[in-house]
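Content type mmCIF, C-alpha atoms, from the file model05.cif:
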data_upload
#
loop_
_atom_site.label_atom_id
_atom_site.label_comp_id
_atom_site.auth_asym_id
_atom_site.auth_seq_id
_atom_site.Cartn_x
_atom_site.Cartn_y
_atom_site.Cartn_z
CA MET A 34 94.40 93.58 117.36
CA ASN A 35 93.10 97.09 117.19
CA SER A 36 90.41 97.76 119.70
CA ALA A 37 90.24 101.46 118.91
CA PRO A 38 86.97 102.54 117.31
CA ASP A 39 87.27 102.79 113.57
CA GLY A 40 85.69 106.17 113.04
CA LEU A 41 86.15 109.91 113.20
CA THR A 42 85.24 111.70 116.40
CA VAL A 43 85.20 115.43 116.96
CA ASP A 44 84.89 116.67 120.50
CA LYS A 45 83.85 120.27 121.25
CA VAL A 46 85.98 122.02 118.63
CA HIS A 47 86.28 125.79 118.88
CA VAL A 48 87.92 127.95 116.23
CA TRP A 49 88.40 131.69 116.27
CA ARG A 50 89.40 133.63 113.18
CA GLY A 51 90.67 136.89 114.59
CA GLU A 52 87.78 138.24 116.66
CA ARG A 53 85.22 135.94 115.09
CA HIS A 54 84.16 132.79 116.88
CA VAL A 55 83.62 130.58 113.84
CA LEU A 56 83.15 127.11 115.26
CA LYS A 57 81.37 127.12 118.61
CA GLY A 58 81.93 123.77 120.17
CA VAL A 59 81.20 121.41 117.28
CA SER A 60 80.99 117.73 118.23
CA LEU A 61 80.31 114.85 115.90
CA GLU A 62 80.89 111.17 115.40
CA LEU A 63 81.17 109.32 112.13
CA TRP A 64 81.54 105.59 111.61
CA PRO A 65 82.16 103.40 108.57
CA HIS A 66 79.24 103.28 106.08
CA GLN A 67 78.11 106.71 107.24
CA LEU A 68 77.88 110.02 105.47
CA LEU A 69 77.65 113.35 107.23
CA HIS A 70 75.91 116.12 105.34
CA VAL A 71 77.06 119.49 106.69
CA SER A 72 74.86 122.43 105.83
CA GLY A 73 74.28 125.95 107.04
CA PRO A 74 74.16 129.55 105.83
CA ASN A 75 77.18 131.23 104.23
CA GLY A 76 79.85 132.05 106.76
CA ALA A 77 78.65 129.43 109.23
CA GLY A 78 82.10 127.79 109.21
CA LYS A 79 81.43 124.76 107.02
CA SER A 80 84.68 125.05 105.10
CA THR A 81 86.52 125.88 108.30
CA LEU A 82 85.19 122.68 109.83
CA LEU A 83 86.49 120.68 106.86
CA ARG A 84 89.91 122.32 107.14
CA VAL A 85 89.97 121.38 110.82
CA LEU A 86 89.02 117.82 109.91
CA CYS A 87 91.90 117.72 107.39
CA GLY A 88 94.36 118.81 110.04
CA LEU A 89 95.16 121.93 107.98
CA LEU A 90 93.75 124.16 110.69
CA ARG A 91 94.55 123.61 114.33
CA PRO A 92 91.49 124.24 116.51
CA GLU A 93 91.99 126.48 119.54
CA GLU A 94 90.07 124.04 121.66
CA GLY A 95 88.81 120.51 121.24
CA VAL A 96 90.08 117.29 119.76
CA VAL A 97 89.64 115.58 116.41
CA ALA A 98 90.42 111.88 116.63
CA TRP A 99 90.68 109.22 113.94
CA ARG A 100 90.55 105.57 114.99
CA GLY A 101 90.86 106.69 118.57
CA ARG A 102 94.00 108.79 118.16
CA PRO A 103 94.16 112.61 117.97
CA ILE A 104 94.93 113.50 114.35
CA LEU A 105 97.63 116.00 115.28
CA LYS A 106 99.59 113.18 116.92
CA SER A 107 99.29 110.69 114.09
CA ARG A 108 99.30 113.18 111.25
CA LEU A 109 100.85 111.08 108.51
CA ASP A 110 98.73 107.99 109.15
CA TYR A 111 95.65 110.13 109.19
CA CYS A 112 96.57 112.03 106.02
CA ALA A 113 97.17 108.73 104.25
CA SER A 114 93.58 107.68 104.93
CA LEU A 115 91.82 110.89 103.95
CA ALA A 116 91.04 112.57 100.66
CA TYR A 117 90.04 116.22 100.63
CA ALA A 118 88.45 118.24 97.85
CA SER A 119 88.34 121.95 98.62
CA HIS A 120 85.96 124.21 96.72
CA ASP A 121 88.99 124.89 94.52
CA PRO A 122 89.57 121.89 92.21
CA ALA A 123 93.33 122.18 93.01
CA LEU A 124 94.57 121.46 89.50
CA LYS A 125 97.67 122.87 87.83
CA GLY A 126 96.53 124.62 84.67
CA ASP A 127 99.78 123.94 82.84
CA LEU A 128 99.71 120.19 83.47
CA THR A 129 97.41 117.76 81.70
CA CYS A 130 94.70 116.08 83.76
CA LEU A 131 96.62 112.83 83.71
CA GLU A 132 99.79 114.56 84.96
CA ASN A 133 97.79 116.37 87.61
CA LEU A 134 96.54 113.04 88.93
CA ARG A 135 99.94 111.37 88.55
CA TYR A 136 101.67 114.03 90.64
CA SER A 137 99.03 114.12 93.38
CA VAL A 138 97.80 110.54 93.68
CA GLY A 139 101.34 109.28 92.97
CA LEU A 140 102.47 110.74 96.31
CA ARG A 141 99.94 108.57 98.14
CA ARG A 142 100.16 105.23 96.41
CA HIS A 143 101.67 103.51 93.40
CA ILE A 144 99.27 103.67 90.51
CA SER A 145 99.80 103.20 86.78
CA ASP A 146 98.70 105.66 84.11
CA GLU A 147 96.21 103.04 82.92
CA GLY A 148 94.69 102.97 86.38
CA LEU A 149 94.41 106.76 86.38
CA ARG A 150 92.85 106.77 82.90
CA ALA A 151 90.32 104.19 84.10
CA THR A 152 89.41 106.45 87.02
CA LEU A 153 89.01 109.41 84.66
CA ARG A 154 86.72 107.22 82.54
CA ASN A 155 84.67 106.48 85.67
CA THR A 156 84.06 110.17 86.23
CA GLY A 157 83.34 110.78 82.55
CA VAL A 158 86.36 112.90 81.61
CA GLU A 159 88.62 110.36 79.92
CA GLY A 160 88.68 112.52 76.78
CA CYS A 161 90.34 115.32 78.77
CA ALA A 162 93.18 113.15 80.08
CA ASP A 163 95.79 114.67 77.77
CA LEU A 164 94.47 118.21 77.75
CA PRO A 165 95.99 120.91 79.95
CA ALA A 166 93.68 121.52 82.89
CA ARG A 167 93.41 125.23 82.09
CA VAL A 168 91.28 124.59 78.97
CA LEU A 169 88.71 122.57 80.92
CA SER A 170 85.34 123.90 81.97
CA ALA A 171 84.57 124.33 85.68
CA GLY A 172 82.40 121.21 85.66
CA GLN A 173 85.06 119.12 83.96
CA ARG A 174 87.62 120.29 86.51
CA ARG A 175 85.26 119.25 89.26
CA ARG A 176 85.03 115.79 87.68
CA VAL A 177 88.84 115.53 87.51
CA ALA A 178 88.99 116.49 91.20
CA MET A 179 86.45 113.73 91.82
CA ALA A 180 88.72 111.30 89.97
CA ARG A 181 91.55 112.29 92.29
CA ILE A 182 89.44 111.48 95.35
CA LEU A 183 88.41 108.17 93.81
CA ALA A 184 91.97 107.21 92.80
CA SER A 185 93.38 107.98 96.25
CA SER A 186 91.41 105.01 97.65
CA ALA A 187 91.10 106.81 100.96
CA ALA A 188 88.70 105.67 103.66
CA LEU A 189 87.56 109.16 104.61
CA TRP A 190 86.33 111.62 102.00
CA LEU A 191 86.05 115.30 102.90
CA LEU A 192 84.23 117.14 100.14
CA ASP A 193 83.58 120.88 100.10
CA GLU A 194 80.54 121.67 97.93
CA PRO A 195 81.28 118.92 95.42
CA PHE A 196 78.00 119.45 93.54
CA THR A 197 78.92 122.98 92.43
CA ASN A 198 79.26 123.35 88.63
CA LEU A 199 78.18 119.76 88.00
CA ASP A 200 75.39 119.05 85.50
CA SER A 201 72.53 116.77 86.56
CA ALA A 202 74.31 113.69 85.19
CA GLY A 203 77.39 114.72 87.16
CA SER A 204 75.42 115.13 90.40
CA GLU A 205 73.86 111.75 89.81
CA LEU A 206 77.31 110.23 89.23
CA LEU A 207 78.68 111.80 92.40
CA SER A 208 75.76 110.44 94.44
CA THR A 209 76.40 106.98 93.00
CA LEU A 210 80.10 107.20 93.80
CA LEU A 211 79.31 108.32 97.35
CA ALA A 212 76.88 105.43 97.79
CA GLN A 213 79.48 102.95 96.49
CA HIS A 214 82.12 104.45 98.79
CA MET A 215 79.86 104.04 101.80
CA SER A 216 78.85 100.49 100.88
CA ARG A 217 82.58 99.61 100.84
CA GLY A 218 82.80 100.81 104.44
CA GLY A 219 83.98 104.32 103.66
CA LEU A 220 83.17 107.51 105.52
CA ALA A 221 82.35 110.86 103.99
CA VAL A 222 81.80 114.39 105.20
CA VAL A 223 80.07 116.45 102.52
CA VAL A 224 79.40 120.17 102.68
CA ALA A 225 76.46 120.90 100.40
CA HIS A 226 73.55 123.32 100.14
CA GLN A 227 71.17 120.95 98.39
CA GLU A 228 69.69 117.70 99.64
CA ILE A 229 71.88 114.64 99.26
CA ARG A 230 69.59 111.84 98.11
CA LEU A 231 71.19 108.44 98.27
CA ALA A 232 70.58 105.07 99.80
CA GLY A 233 72.53 104.66 103.02
CA ASP A 234 73.17 106.08 106.41
CA VAL A 235 73.09 109.84 105.91
CA HIS A 236 73.43 112.07 108.99
CA ARG A 237 72.98 115.79 109.10
CA LEU A 238 74.84 118.56 110.83
CA GLU A 239 73.41 122.04 110.65
CA LEU A 240 75.84 124.82 111.51
CA ALA A 241 74.37 128.09 112.70
CA ALA A 242 75.77 131.43 111.54
CA MET B 395 101.10 100.33 99.50
CA SER B 396 102.46 103.70 100.49
CA VAL B 397 105.07 105.72 98.65
CA GLY B 398 108.52 106.18 100.20
CA ALA B 399 110.08 109.55 100.91
CA TRP B 400 112.66 109.27 98.11
CA ALA B 401 110.07 108.28 95.53
CA ALA B 402 107.87 111.15 96.67
CA MET B 403 110.77 113.59 96.48
CA SER B 404 111.71 112.57 92.96
CA LEU B 405 108.08 112.79 91.90
CA ILE B 406 107.80 116.35 93.21
CA VAL B 407 111.10 117.37 91.58
CA ARG B 408 109.81 115.99 88.26
CA ARG B 409 106.54 117.84 88.75
CA GLU B 410 108.34 121.13 89.39
CA LEU B 411 110.65 120.70 86.39
CA CYS B 412 107.69 119.80 84.19
CA LEU B 413 105.84 122.92 85.37
CA SER B 414 108.87 125.16 84.77
CA PHE B 415 109.45 123.90 81.25
CA ARG B 416 105.78 124.45 80.37
CA ARG B 417 106.42 128.14 81.08
CA PRO B 418 109.80 128.79 79.43
CA GLY B 419 109.28 132.55 79.70
CA GLN B 420 109.17 132.41 83.47
CA LEU B 421 112.22 130.17 83.45
CA LEU B 422 114.31 132.47 81.26
CA GLN B 423 113.28 135.76 82.86
CA PRO B 424 115.77 135.72 85.78
CA LEU B 425 118.58 134.54 83.49
CA VAL B 426 117.97 137.28 80.93
CA PHE B 427 117.76 139.77 83.80
CA PHE B 428 121.13 138.53 85.05
CA LEU B 429 122.70 138.89 81.59
CA ILE B 430 121.26 142.34 80.93
CA VAL B 431 122.13 143.86 84.31
CA THR B 432 125.73 142.67 84.10
CA THR B 433 126.19 143.91 80.53
CA LEU B 434 124.75 147.32 81.46
CA PHE B 435 127.83 148.05 83.55
CA PRO B 436 130.50 147.84 80.81
CA LEU B 437 128.16 149.90 78.61
CA SER B 438 127.51 152.65 81.15
CA LEU B 439 130.98 152.87 82.66
CA SER B 440 134.12 152.99 80.57
CA PRO B 441 135.00 149.66 78.97
CA GLN B 442 138.51 149.89 80.40
CA LEU B 443 139.59 146.36 81.23
CA SER B 444 141.30 147.25 84.52
CA LEU B 445 138.25 149.13 85.80
CA LEU B 446 135.90 146.34 84.70
CA ARG B 447 137.99 143.71 86.40
CA ASP B 448 137.98 145.70 89.64
CA MET B 449 134.23 145.83 89.85
CA ALA B 450 133.40 142.56 88.09
CA PRO B 451 133.05 140.41 91.26
CA GLY B 452 130.70 142.88 92.91
CA VAL B 453 128.56 143.37 89.82
CA LEU B 454 128.41 139.64 89.18
CA TRP B 455 127.27 138.82 92.71
CA VAL B 456 124.77 141.63 93.11
CA ALA B 457 123.19 140.69 89.78
CA ALA B 458 123.11 137.01 90.75
CA LEU B 459 121.45 137.87 94.08
CA LEU B 460 118.80 140.08 92.52
CA SER B 461 118.01 137.70 89.69
CA SER B 462 117.54 134.79 92.04
CA LEU B 463 115.11 136.93 94.08
CA LEU B 464 112.95 137.21 90.96
CA SER B 465 112.19 133.51 90.86
CA LEU B 466 111.81 133.03 94.62
CA ASP B 467 108.35 134.52 94.89
CA SER B 468 106.80 131.70 92.86
CA LEU B 469 108.39 128.92 94.94
CA PHE B 470 105.26 128.25 97.03
CA LYS B 471 102.94 131.01 95.85
CA GLY B 472 101.82 129.34 92.63
CA ASP B 473 100.81 126.19 94.47
CA ALA B 474 99.16 128.14 97.26
CA ASP B 475 97.03 130.13 94.81
CA ASP B 476 95.50 127.15 93.03
CA GLY B 477 95.03 125.00 96.14
CA THR B 478 97.62 122.37 95.21
CA LEU B 479 99.80 123.34 98.18
CA GLU B 480 97.05 122.22 100.57
CA GLN B 481 96.80 118.95 98.68
CA LEU B 482 100.57 118.49 98.99
CA ALA B 483 100.40 119.22 102.70
CA ILE B 484 97.88 116.41 103.29
CA CYS B 485 99.25 113.89 100.80
CA GLY B 486 100.54 111.66 103.58
CA GLN B 487 104.19 112.65 103.14
CA GLU B 488 106.20 114.69 105.62
CA LEU B 489 105.94 118.40 104.84
CA GLY B 490 109.74 118.55 105.06
CA VAL B 491 110.08 116.11 102.15
CA ILE B 492 107.94 118.39 100.01
CA VAL B 493 109.87 121.51 101.03
CA ILE B 494 113.24 119.88 100.27
CA ALA B 495 112.07 118.61 96.88
CA LYS B 496 110.70 122.01 95.93
CA ALA B 497 113.89 123.80 96.98
CA VAL B 498 116.05 121.33 95.03
CA ALA B 499 113.90 121.80 91.93
CA HIS B 500 114.06 125.56 92.37
CA TRP B 501 117.84 125.46 92.49
CA LEU B 502 118.02 123.27 89.38
CA VAL B 503 116.02 125.70 87.27
CA SER B 504 117.36 128.96 88.70
CA GLY B 505 120.70 128.48 90.48
CA ALA B 506 122.24 125.81 88.28
CA ALA B 507 121.20 127.63 85.11
CA LEU B 508 122.72 130.84 86.46
CA VAL B 509 126.02 129.09 87.17
CA LEU B 510 126.05 127.66 83.64
CA ILE B 511 125.61 131.02 81.93
CA SER B 512 127.99 132.89 84.24
CA PRO B 513 131.02 132.42 81.91
CA LEU B 514 129.16 134.57 79.36
CA VAL B 515 128.93 137.33 81.93
CA GLY B 516 132.55 136.69 82.86
CA VAL B 517 133.59 137.43 79.29
CA ALA B 518 131.49 140.60 79.19
CA LEU B 519 133.12 141.86 82.41
CA GLY B 520 136.63 140.94 81.34
CA ILE B 521 137.19 138.26 83.97
CA PRO B 522 140.21 136.15 82.92
CA THR B 523 139.33 132.58 81.94
CA SER B 524 141.69 131.31 84.64
CA ALA B 525 139.21 132.64 87.25
CA PHE B 526 136.12 131.02 85.70
CA ALA B 527 136.39 127.83 87.73
CA THR B 528 136.46 129.74 91.03
CA MET B 529 133.70 132.04 89.87
CA MET B 530 131.43 129.14 88.97
CA LEU B 531 132.23 127.20 92.12
CA SER B 532 131.52 130.21 94.33
CA LEU B 533 128.28 130.94 92.46
CA GLY B 534 127.30 127.28 92.77
CA LEU B 535 127.74 127.29 96.54
CA GLY B 536 126.13 130.72 96.77
CA THR B 537 123.02 129.88 94.77
CA VAL B 538 122.37 126.72 96.80
CA THR B 539 122.52 128.83 99.97
CA LEU B 540 120.29 131.46 98.38
CA SER B 541 117.70 128.91 97.35
CA TRP B 542 117.47 127.78 100.95
CA LEU B 543 117.36 131.26 102.44
CA GLY B 544 114.75 132.08 99.85
CA ALA B 545 112.73 129.00 100.71
CA ILE B 546 112.42 130.26 104.30
CA GLY B 547 111.38 133.70 103.12
CA ALA B 548 108.96 132.33 100.53
CA ALA B 549 107.39 130.00 103.08
CA LEU B 550 106.92 132.88 105.52
CA THR B 551 105.36 135.22 102.97
CA VAL B 552 103.26 132.75 100.99
CA GLY B 553 100.01 133.82 102.60
CA LEU B 554 100.59 137.55 102.16
CA ARG B 555 99.14 139.53 99.29
CA ARG B 556 102.20 141.64 98.55
CA GLY B 557 104.71 139.21 99.87
CA ASN B 558 107.44 139.75 97.30
CA VAL B 559 108.66 143.07 98.72
CA LEU B 560 108.75 141.62 102.21
CA LEU B 561 110.50 138.56 100.81
CA SER B 562 113.36 140.73 99.50
CA LEU B 563 113.58 142.51 102.85
CA ILE B 564 113.88 139.16 104.63
CA VAL B 565 116.30 137.49 102.25
CA LEU B 566 118.69 140.29 101.27
CA PRO B 567 120.14 140.98 104.75
CA LEU B 568 120.62 137.25 105.30
CA ALA B 569 122.44 137.02 101.98
CA MET B 570 125.07 139.65 102.87
CA PRO B 571 127.72 137.17 104.06
CA LEU B 572 127.31 135.38 100.74
CA LEU B 573 127.89 138.59 98.86
CA ILE B 574 131.02 139.41 100.87
CA PHE B 575 132.69 136.02 100.59
CA GLY B 576 131.49 135.27 97.08
CA ALA B 577 132.76 138.55 95.67
CA ASN B 578 135.97 138.13 97.64
CA ALA B 579 136.61 134.65 96.22
CA THR B 580 136.06 135.85 92.66
CA ASP B 581 138.19 138.94 93.28
CA ARG B 582 141.10 136.85 94.55
CA ALA B 583 140.85 134.47 91.62
CA ILE B 584 141.02 137.42 89.22
CA GLY B 585 144.02 138.84 91.09
CA GLY B 586 145.75 135.46 90.95
CA THR B 587 145.85 134.79 94.71
CA SER B 588 144.34 131.74 96.39
CA PRO B 589 140.56 132.05 96.94
CA ALA B 590 140.51 129.05 99.32
CA GLY B 591 139.64 130.99 102.49
CA ALA B 592 136.58 132.68 101.03
CA LEU B 593 135.46 129.45 99.33
CA TYR B 594 135.67 127.60 102.65
CA PHE B 595 133.40 130.21 104.20
CA LEU B 596 130.94 129.87 101.32
CA ALA B 597 131.00 126.10 101.67
CA ALA B 598 130.40 126.40 105.42
CA LEU B 599 127.44 128.72 104.85
CA CYS B 600 126.11 126.30 102.26
CA VAL B 601 126.31 123.33 104.63
CA PHE B 602 124.84 125.39 107.43
CA THR B 603 121.77 126.40 105.44
CA CYS B 604 121.35 122.97 103.82
CA THR B 605 121.08 121.36 107.25
CA LEU B 606 119.03 123.93 109.15
CA ALA B 607 116.97 125.77 106.55
CA PRO B 608 114.74 122.77 105.71
CA PHE B 609 113.50 122.76 109.31
CA ALA B 610 112.94 126.51 109.34
CA ALA B 611 111.21 126.53 105.95
CA THR B 612 108.96 123.62 106.93
CA ALA B 613 107.97 125.29 110.19
CA ALA B 614 107.30 128.56 108.36
CA LEU B 615 105.19 126.84 105.73
CA ARG B 616 103.15 125.04 108.38
CA ILE B 617 102.33 128.39 110.00
CA SER B 618 101.47 129.96 106.64
CA LEU B 619 99.12 127.11 105.74
CA GLU B 620 96.85 127.70 108.74
#
Could you spell out this file's structure in structure tokens?
Amino acid sequence: MNSAPDGLTVDKVHVWRGERHVLKGVSLELWPHQLLHVSGPNGAGKSTLLRVLCGLLRPEEGVVAWRGRPILKSRLDYCASLAYASHDPALKGDLTCLENLRYSVGLRRHISDEGLRATLRNTGVEGCADLPARVLSAGQRRRVAMARILASSAALWLLDEPFTNLDSAGSELLSTLLAQHMSRGGLAVVVAHQEIRLAGDVHRLELAA
Amino acid sequence: MSVGAWAAMSLIVRRELCLSFRRPGQLLQPLVFFLIVTTLFPLSLSPQLSLLRDMAPGVLWVAALLSSLLSLDSLFKGDADDGTLEQLAICGQELGVIVIAKAVAHWLVSGAALVLISPLVGVALGIPTSAFATMMLSLGLGTVTLSWLGAIGAALTVGLRRGNVLLSLIVLPLAMPLLIFGANATDRAIGGTSPAGALYFLAALCVFTCTLAPFAATAALRISLE
């Protein structure tokens, strides 16, 4: 029996970078089937907020809690249930796309190469599976990064500007994948400058500069 | 179903080896450096066997130290630059598991390779074949220790723009005991006396770093990631 709430809660998080007060008391709540669209001008701390949510950056003040427990206390459990895509696609140029996925998703769960190929097919880059990532275009890399998120089967997706470099079909695909993820009971925090149009429970957080 | 620590470690070691062999140039660079530096000495000084044998241990160890510094910089830097280090840090495995796997892989492609080609250098410096076993054993223990010391330094400097100079300044002083006992062991083996004492010291240093350095490197990497 787990009576703890099943979502992500952020309570008055403050982050300073040197002299700059980047996050000024951000609070939010996110529950299953919900998507949070984070927007704001450049330098408003959107990426910083995502890094805090990943546990990569320790906030000076405030608490981030997942399923009722502070993430810094249950780090591994929390990491196992999140998937993060930074604005960098985080691919090794010398490895093929399939190897890239094998060596990143393989650390999270057991998955066969066929399973990974199927995921690459889902994001429309199956033809690139055996190509080194360095020869891919920026948009294709973004799609491979999307495949990594998808293959990780994480409950919480943290995406930093995932629509960048994607063509219109790619943006469409990403919206569909997000909608499917939410309908399965997933949570997502998406940093994006454009509108996110999809069926479902979309919340907004506007960060001020 | 989650992945166990051993499975994760072997996966990361395979990843690192795969990456190294995709860039054979980067792999061979420190080894070629090691060979060239050591052969410069017999060429520049007189090729008198007695003189060469006197300085062989020192030359061998200094060259080994410097060549292993060459490969240290890329230990975490490559992954930090393309964002894969962040992904590793949040993959749901202990950061320590990742650090250990990366250090082991680093030793396999730099330290172990250096030990294997050291007989070549031994021949060039006129080290008697009877001393090869001691030389290789001492280098083996020494390079393991160096990989660990280097892992701490590399983890500390990963976020810095010109970290490699600082990395040498951090690692070289820590490596001095290695240099002293390693050269001493080789020297004794060449002279025909027992190198046991120096080898014990090297082994102790090796055990010491193998047990404590993973903690230090992990803590350093965690700070650098923020």
### Task
Could you list, as a ChimeraX atom specification, the residues of chain B having an atom within 9 Å of chain A when counting all atoms listed in the file?
/B:395-399,401-403,405-406,408-409,412-413,416-417,473,475-488,616,619-620
Go ahead and write the residues just picked, C-alpha atoms, as a PDB file, keeping the file's coordinate frame.
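See again.pdb below for the written result:
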ATOM      1  CA  MET B 395     101.100 100.330  99.500  1.00  0.00           C
ATOM      2  CA  SER B 396     102.460 103.700 100.490  1.00  0.00           C
ATOM      3  CA  VAL B 397     105.070 105.720  98.650  1.00  0.00           C
ATOM      4  CA  GLY B 398     108.520 106.180 100.200  1.00  0.00           C
ATOM      5  CA  ALA B 399     110.080 109.550 100.910  1.00  0.00           C
ATOM      6  CA  ALA B 401     110.070 108.280  95.530  1.00  0.00           C
ATOM      7  CA  ALA B 402     107.870 111.150  96.670  1.00  0.00           C
ATOM      8  CA  MET B 403     110.770 113.590  96.480  1.00  0.00           C
ATOM      9  CA  LEU B 405     108.080 112.790  91.900  1.00  0.00           C
ATOM     10  CA  ILE B 406     107.800 116.350  93.210  1.00  0.00           C
ATOM     11  CA  ARG B 408     109.810 115.990  88.260  1.00  0.00           C
ATOM     12  CA  ARG B 409     106.540 117.840  88.750  1.00  0.00           C
ATOM     13  CA  CYS B 412     107.690 119.800  84.190  1.00  0.00           C
ATOM     14  CA  LEU B 413     105.840 122.920  85.370  1.00  0.00           C
ATOM     15  CA  ARG B 416     105.780 124.450  80.370  1.00  0.00           C
ATOM     16  CA  ARG B 417     106.420 128.140  81.080  1.00  0.00           C
ATOM     17  CA  ASP B 473     100.810 126.190  94.470  1.00  0.00           C
ATOM     18  CA  ASP B 475      97.030 130.130  94.810  1.00  0.00           C
ATOM     19  CA  ASP B 476      95.500 127.150  93.030  1.00  0.00           C
ATOM     20  CA  GLY B 477      95.030 125.000  96.140  1.00  0.00           C
ATOM     21  CA  THR B 478      97.620 122.370  95.210  1.00  0.00           C
ATOM     22  CA  LEU B 479      99.800 123.340  98.180  1.00  0.00           C
ATOM     23  CA  GLU B 480      97.050 122.220 100.570  1.00  0.00           C
ATOM     24  CA  GLN B 481      96.800 118.950  98.680  1.00  0.00           C
ATOM     25  CA  LEU B 482     100.570 118.490  98.990  1.00  0.00           C
ATOM     26  CA  ALA B 483     100.400 119.220 102.700  1.00  0.00           C
ATOM     27  CA  ILE B 484      97.880 116.410 103.290  1.00  0.00           C
ATOM     28  CA  CYS B 485      99.250 113.890 100.800  1.00  0.00           C
ATOM     29  CA  GLY B 486     100.540 111.660 103.580  1.00  0.00           C
ATOM     30  CA  GLN B 487     104.190 112.650 103.140  1.00  0.00           C
ATOM     31  CA  GLU B 488     106.200 114.690 105.620  1.00  0.00           C
ATOM     32  CA  ARG B 616     103.150 125.040 108.380  1.00  0.00           C
ATOM     33  CA  LEU B 619      99.120 127.110 105.740  1.00  0.00           C
ATOM     34  CA  GLU B 620      96.850 127.700 108.740  1.00  0.00           C
TER      35      GLU B 620
END
Would you kindly return, as an mmCIF file with C-alpha atoms, in the frame of the given file, each protein, DNA or RNA residue with an atom no farther than 9 Å from any atom of Val71 in chain A, considering only C-alpha atoms and excluding same-chain residues fewer than 3 positions away?
data_model
loop_
_atom_site.group_PDB
_atom_site.id
_atom_site.type_symbol
_atom_site.label_atom_id
_atom_site.label_comp_id
_atom_site.auth_asym_id
_atom_site.auth_seq_id
_atom_site.Cartn_x
_atom_site.Cartn_y
_atom_site.Cartn_z
ATOM 1 C CA LYS A 79 81.430 124.760 107.020
ATOM 2 C CA VAL A 222 81.800 114.390 105.200
ATOM 3 C CA VAL A 223 80.070 116.450 102.520
ATOM 4 C CA VAL A 224 79.400 120.170 102.680
ATOM 5 C CA ALA A 225 76.460 120.900 100.400
ATOM 6 C CA HIS A 226 73.550 123.320 100.140
ATOM 7 C CA HIS A 236 73.430 112.070 108.990
ATOM 8 C CA ARG A 237 72.980 115.790 109.100
ATOM 9 C CA LEU A 238 74.840 118.560 110.830
ATOM 10 C CA GLU A 239 73.410 122.040 110.650
ATOM 11 C CA LEU A 240 75.840 124.820 111.510
#
Determine the residue set returned by the PyMOL selection byres ((chain B and resi 428-430) around 10) for the present structure, and present it as a PDB file with C-alpha atoms, in the frame of the given file.
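Below is the file that was written, result_36.pdb:
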ATOM      1  CA  LEU B 422     114.310 132.470  81.260  1.00  0.00           C
ATOM      2  CA  GLN B 423     113.280 135.760  82.860  1.00  0.00           C
ATOM      3  CA  PRO B 424     115.770 135.720  85.780  1.00  0.00           C
ATOM      4  CA  LEU B 425     118.580 134.540  83.490  1.00  0.00           C
ATOM      5  CA  VAL B 426     117.970 137.280  80.930  1.00  0.00           C
ATOM      6  CA  PHE B 427     117.760 139.770  83.800  1.00  0.00           C
ATOM      7  CA  VAL B 431     122.130 143.860  84.310  1.00  0.00           C
ATOM      8  CA  THR B 432     125.730 142.670  84.100  1.00  0.00           C
ATOM      9  CA  THR B 433     126.190 143.910  80.530  1.00  0.00           C
ATOM     10  CA  LEU B 434     124.750 147.320  81.460  1.00  0.00           C
ATOM     11  CA  PHE B 435     127.830 148.050  83.550  1.00  0.00           C
ATOM     12  CA  LEU B 454     128.410 139.640  89.180  1.00  0.00           C
ATOM     13  CA  TRP B 455     127.270 138.820  92.710  1.00  0.00           C
ATOM     14  CA  VAL B 456     124.770 141.630  93.110  1.00  0.00           C
ATOM     15  CA  ALA B 457     123.190 140.690  89.780  1.00  0.00           C
ATOM     16  CA  ALA B 458     123.110 137.010  90.750  1.00  0.00           C
ATOM     17  CA  LEU B 459     121.450 137.870  94.080  1.00  0.00           C
ATOM     18  CA  LEU B 460     118.800 140.080  92.520  1.00  0.00           C
ATOM     19  CA  SER B 461     118.010 137.700  89.690  1.00  0.00           C
ATOM     20  CA  SER B 462     117.540 134.790  92.040  1.00  0.00           C
ATOM     21  CA  LEU B 508     122.720 130.840  86.460  1.00  0.00           C
ATOM     22  CA  ILE B 511     125.610 131.020  81.930  1.00  0.00           C
ATOM     23  CA  SER B 512     127.990 132.890  84.240  1.00  0.00           C
ATOM     24  CA  LEU B 514     129.160 134.570  79.360  1.00  0.00           C
ATOM     25  CA  VAL B 515     128.930 137.330  81.930  1.00  0.00           C
ATOM     26  CA  ALA B 518     131.490 140.600  79.190  1.00  0.00           C
TER      27      ALA B 518
END
### Non-local contacts of range 558-566 of chain B (12 Å; all atoms listed in the file; under 4 positions in same chain excluded) as a PyMOL selection string
chain B and resi 456+458-471+539-554+570-573
Pull the closest atom pair for each residue of range 420-489 of chain B that gets at most 9 Å from range 580-596 of chain B, along with the distance in Å to one decimal, counting all atoms listed in the file, ordering rows by chain and then ascending residue number, as a Markdown table.
| residue | atom | partner | partner_atom | distance |
| --- | --- | --- | --- | --- |
| B:Arg447 | CA | B:Ile584 | CA | 7.5 |
| B:Asp448 | CA | B:Asp581 | CA | 7.7 |
| B:Met449 | CA | B:Asp581 | CA | 8.7 |
| B:Ala450 | CA | B:Asp581 | CA | 7.9 |
| B:Pro451 | CA | B:Thr580 | CA | 5.6 |
| B:Gly452 | CA | B:Asp581 | CA | 8.5 |
### Query
Between CA of Ser145 in chain A and CA of Arg181 in chain A, what is the distance, to one decimal in Å?
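The value is 13.5 Å.
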### Task
State, in Å with one decimal place, the distance from CA of Ala180 in chain A to CA of Asp200 in chain A.
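Between CA of Ala180 in chain A and CA of Asp200 in chain A the gap is 16.1 Å.
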